[in-house]
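S.K.: Pasting entry_32.txt here (compact mmCIF, N, CA and C atoms):
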# COMPACT_ATOMS: atom_id res chain seq x y z
N LEU A 1 8.40 -11.99 -1.29
CA LEU A 1 7.83 -11.35 -0.13
C LEU A 1 6.50 -12.00 0.16
N LEU A 2 6.27 -12.32 1.41
CA LEU A 2 4.99 -12.88 1.82
C LEU A 2 4.55 -12.15 3.07
N ASN A 3 3.35 -11.64 3.04
CA ASN A 3 2.79 -10.96 4.20
C ASN A 3 1.47 -11.64 4.52
N THR A 4 1.38 -12.23 5.68
CA THR A 4 0.19 -12.99 6.02
C THR A 4 -0.95 -12.13 6.56
N SER A 5 -0.67 -10.90 6.95
CA SER A 5 -1.75 -10.02 7.41
C SER A 5 -1.47 -8.59 6.97
N PHE A 6 -2.02 -8.22 5.84
CA PHE A 6 -1.82 -6.89 5.27
C PHE A 6 -2.82 -5.94 5.91
N ASN A 7 -2.35 -5.26 6.94
CA ASN A 7 -3.18 -4.27 7.61
C ASN A 7 -2.30 -3.35 8.44
N VAL A 8 -2.88 -2.25 8.85
CA VAL A 8 -2.20 -1.28 9.72
C VAL A 8 -2.73 -1.52 11.13
N ALA A 9 -1.90 -1.30 12.12
CA ALA A 9 -2.31 -1.51 13.51
C ALA A 9 -3.66 -0.87 13.79
N GLY A 10 -4.54 -1.64 14.38
CA GLY A 10 -5.85 -1.14 14.75
C GLY A 10 -6.88 -1.20 13.63
N GLN A 11 -6.48 -1.62 12.44
CA GLN A 11 -7.39 -1.72 11.30
C GLN A 11 -7.60 -3.18 10.91
N PRO A 12 -8.75 -3.50 10.32
CA PRO A 12 -8.96 -4.88 9.87
C PRO A 12 -8.04 -5.23 8.71
N ILE A 13 -7.87 -6.51 8.46
CA ILE A 13 -7.04 -6.98 7.35
C ILE A 13 -7.65 -6.52 6.02
N VAL A 14 -6.79 -6.10 5.10
CA VAL A 14 -7.21 -5.65 3.78
C VAL A 14 -7.88 -6.80 3.05
N ARG A 15 -9.06 -6.53 2.44
CA ARG A 15 -9.79 -7.59 1.74
C ARG A 15 -10.02 -7.31 0.26
N THR A 16 -9.95 -6.05 -0.15
CA THR A 16 -10.24 -5.70 -1.54
C THR A 16 -9.09 -4.91 -2.15
N PRO A 17 -9.02 -4.86 -3.48
CA PRO A 17 -7.99 -4.02 -4.11
C PRO A 17 -8.10 -2.56 -3.69
N GLU A 18 -9.31 -2.06 -3.54
CA GLU A 18 -9.50 -0.68 -3.11
C GLU A 18 -8.91 -0.44 -1.73
N GLU A 19 -9.16 -1.37 -0.81
CA GLU A 19 -8.59 -1.25 0.54
C GLU A 19 -7.07 -1.36 0.49
N ALA A 20 -6.54 -2.20 -0.40
CA ALA A 20 -5.09 -2.35 -0.53
C ALA A 20 -4.45 -1.05 -0.99
N VAL A 21 -5.06 -0.40 -1.98
CA VAL A 21 -4.51 0.87 -2.48
C VAL A 21 -4.62 1.94 -1.40
N ARG A 22 -5.74 2.00 -0.71
CA ARG A 22 -5.91 2.98 0.37
C ARG A 22 -4.85 2.78 1.45
N THR A 23 -4.61 1.54 1.83
CA THR A 23 -3.59 1.25 2.85
C THR A 23 -2.20 1.59 2.33
N PHE A 24 -1.93 1.27 1.07
CA PHE A 24 -0.65 1.61 0.44
C PHE A 24 -0.39 3.11 0.54
N ILE A 25 -1.39 3.91 0.25
CA ILE A 25 -1.24 5.37 0.28
C ILE A 25 -1.10 5.88 1.70
N THR A 26 -1.98 5.47 2.59
CA THR A 26 -1.98 6.03 3.95
C THR A 26 -0.86 5.50 4.83
N ALA A 27 -0.40 4.27 4.58
CA ALA A 27 0.64 3.69 5.42
C ALA A 27 2.05 4.05 4.96
N GLY A 28 2.15 4.69 3.80
CA GLY A 28 3.47 5.09 3.31
C GLY A 28 4.32 3.93 2.85
N LEU A 29 3.69 2.88 2.33
CA LEU A 29 4.45 1.72 1.84
C LEU A 29 5.24 2.10 0.59
N ASP A 30 6.32 1.38 0.33
CA ASP A 30 7.15 1.64 -0.84
C ASP A 30 6.57 1.06 -2.12
N ALA A 31 5.91 -0.09 -2.01
CA ALA A 31 5.38 -0.76 -3.20
C ALA A 31 4.18 -1.62 -2.83
N LEU A 32 3.37 -1.89 -3.84
CA LEU A 32 2.20 -2.75 -3.68
C LEU A 32 2.08 -3.60 -4.93
N VAL A 33 1.89 -4.90 -4.75
CA VAL A 33 1.67 -5.80 -5.88
C VAL A 33 0.22 -6.25 -5.84
N LEU A 34 -0.49 -6.00 -6.95
CA LEU A 34 -1.88 -6.44 -7.11
C LEU A 34 -1.95 -7.29 -8.37
N GLY A 35 -2.01 -8.59 -8.19
CA GLY A 35 -1.98 -9.48 -9.35
C GLY A 35 -0.69 -9.30 -10.12
N ARG A 36 -0.79 -8.89 -11.38
CA ARG A 36 0.41 -8.67 -12.21
C ARG A 36 0.88 -7.22 -12.17
N LEU A 37 0.22 -6.38 -11.40
CA LEU A 37 0.56 -4.96 -11.30
C LEU A 37 1.52 -4.69 -10.15
N LEU A 38 2.54 -3.90 -10.42
CA LEU A 38 3.45 -3.42 -9.38
C LEU A 38 3.27 -1.92 -9.27
N ILE A 39 2.82 -1.45 -8.13
CA ILE A 39 2.60 -0.03 -7.90
C ILE A 39 3.68 0.46 -6.95
N THR A 40 4.39 1.50 -7.35
CA THR A 40 5.45 2.05 -6.51
C THR A 40 5.24 3.55 -6.34
N ARG A 41 5.87 4.08 -5.31
CA ARG A 41 5.85 5.52 -5.10
C ARG A 41 6.97 6.13 -5.95
N THR A 42 6.76 7.33 -6.42
CA THR A 42 7.81 8.02 -7.15
C THR A 42 8.46 9.05 -6.24
N ALA A 43 9.67 9.42 -6.54
CA ALA A 43 10.37 10.43 -5.74
C ALA A 43 9.60 11.74 -5.76
N ALA A 44 9.02 12.10 -6.90
CA ALA A 44 8.26 13.35 -7.00
C ALA A 44 7.04 13.30 -6.09
N HIS A 45 6.35 12.17 -6.05
CA HIS A 45 5.17 12.05 -5.18
C HIS A 45 5.58 12.19 -3.73
N ASP A 46 6.67 11.54 -3.34
CA ASP A 46 7.13 11.61 -1.95
C ASP A 46 7.49 13.04 -1.56
N ARG A 47 8.08 13.80 -2.47
CA ARG A 47 8.45 15.19 -2.15
C ARG A 47 7.22 16.07 -1.98
N THR A 48 6.18 15.87 -2.79
CA THR A 48 4.99 16.72 -2.69
C THR A 48 4.12 16.31 -1.52
N ALA A 49 4.25 15.08 -1.05
CA ALA A 49 3.42 14.59 0.05
C ALA A 49 3.90 15.10 1.40
N THR A 50 5.12 15.61 1.49
CA THR A 50 5.65 16.04 2.78
C THR A 50 5.42 17.49 3.03
Let's see the structure in the file written out as structure tokens.
M.R.:
Amino acid sequence: LLNTSFNVAGQPIVRTPEEAVRTFITAGLDALVLGRLLITRTAAHDRTAT
């Protein structure tokens, strides 16, 4: 997977790990890779978030 502009419409491009995690949470993405880390949503988290 290659994404050349990691951002949400109307927001600047993500520049830091903190911004990446914030965007991952608020945009409802399924997964985020930070270096060697793979961060995914769990089914339990998705159920409590709705």
S.K.: Identify, on the basis of only C-alpha atoms, every residue whose closest approach to A:Leu29 does not exceed 12 Å; exclude the query and any residue fewer than 3 positions from it along the same chain; express the result as a list in words.
M.R.: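 What passes the distance filter is Phe6, Asn7, Val8, Ala20, Val21, Arg22, Thr23, Phe24, Ile25, Thr26, Leu32, Val33, Ile39, Thr40, Arg41, Thr42 and Asp46 of chain A.
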S.K.: When you draw a straight line from atom CA of A:Leu37 to atom CA of A:Gly10, how long is it in Å?
M.R.: 27.1 Å
S.K.: Can you tell me how far atom CA of A:Ala31 sits from atom N of A:Ile13, in Å to one decimal?
M.R.: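 Separation between atom CA of A:Ala31 and atom N of A:Ile13: 18.6 Å.
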S.K.: Please measure the separation of atom N of A:Gln11 and atom CA of A:Asp30, giving the value in Å to one decimal.
M.R.: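 So the answer is 19.3 Å.
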S.K.: Give the strand (DSSP E or B) residues of stretch 3-49 of chain A, as assigned by DSSP on the backbone, as a list in words.
M.R.: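 Written out, the strand (DSSP E or B) residues of stretch 3-49 of chain A are Ala31, Leu32, Val33, Leu34, Leu37, Leu38, Ile39 and Thr40 of chain A.
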S.K.: Write to file, as a PDB file, in the coordinates of the input, the residues of the selection just made, with N, CA and C atoms.
M.R.:
ATOM      1  N   ALA A  31       5.910  -0.090  -2.010  1.00  0.00           N
ATOM      2  CA  ALA A  31       5.380  -0.760  -3.200  1.00  0.00           C
ATOM      3  C   ALA A  31       4.180  -1.620  -2.830  1.00  0.00           C
ATOM      4  N   LEU A  32       3.370  -1.890  -3.840  1.00  0.00           N
ATOM      5  CA  LEU A  32       2.200  -2.750  -3.680  1.00  0.00           C
ATOM      6  C   LEU A  32       2.080  -3.600  -4.930  1.00  0.00           C
ATOM      7  N   VAL A  33       1.890  -4.900  -4.750  1.00  0.00           N
ATOM      8  CA  VAL A  33       1.670  -5.800  -5.880  1.00  0.00           C
ATOM      9  C   VAL A  33       0.220  -6.250  -5.840  1.00  0.00           C
ATOM     10  N   LEU A  34      -0.490  -6.000  -6.950  1.00  0.00           N
ATOM     11  CA  LEU A  34      -1.880  -6.440  -7.110  1.00  0.00           C
ATOM     12  C   LEU A  34      -1.950  -7.290  -8.370  1.00  0.00           C
ATOM     13  N   LEU A  37       0.220  -6.380 -11.400  1.00  0.00           N
ATOM     14  CA  LEU A  37       0.560  -4.960 -11.300  1.00  0.00           C
ATOM     15  C   LEU A  37       1.520  -4.690 -10.150  1.00  0.00           C
ATOM     16  N   LEU A  38       2.540  -3.900 -10.420  1.00  0.00           N
ATOM     17  CA  LEU A  38       3.450  -3.420  -9.380  1.00  0.00           C
ATOM     18  C   LEU A  38       3.270  -1.920  -9.270  1.00  0.00           C
ATOM     19  N   ILE A  39       2.820  -1.450  -8.130  1.00  0.00           N
ATOM     20  CA  ILE A  39       2.600  -0.030  -7.900  1.00  0.00           C
ATOM     21  C   ILE A  39       3.680   0.460  -6.950  1.00  0.00           C
ATOM     22  N   THR A  40       4.390   1.500  -7.350  1.00  0.00           N
ATOM     23  CA  THR A  40       5.450   2.050  -6.510  1.00  0.00           C
ATOM     24  C   THR A  40       5.240   3.550  -6.340  1.00  0.00           C
TER      25      THR A  40
END
S.K.: Would you mind writing down, as a ChimeraX atom specification, each residue of stretch 9-47 of chain A that DSSP on the backbone assigns to helix (DSSP H, G or I)?
M.R.: /A:17-27,43-47
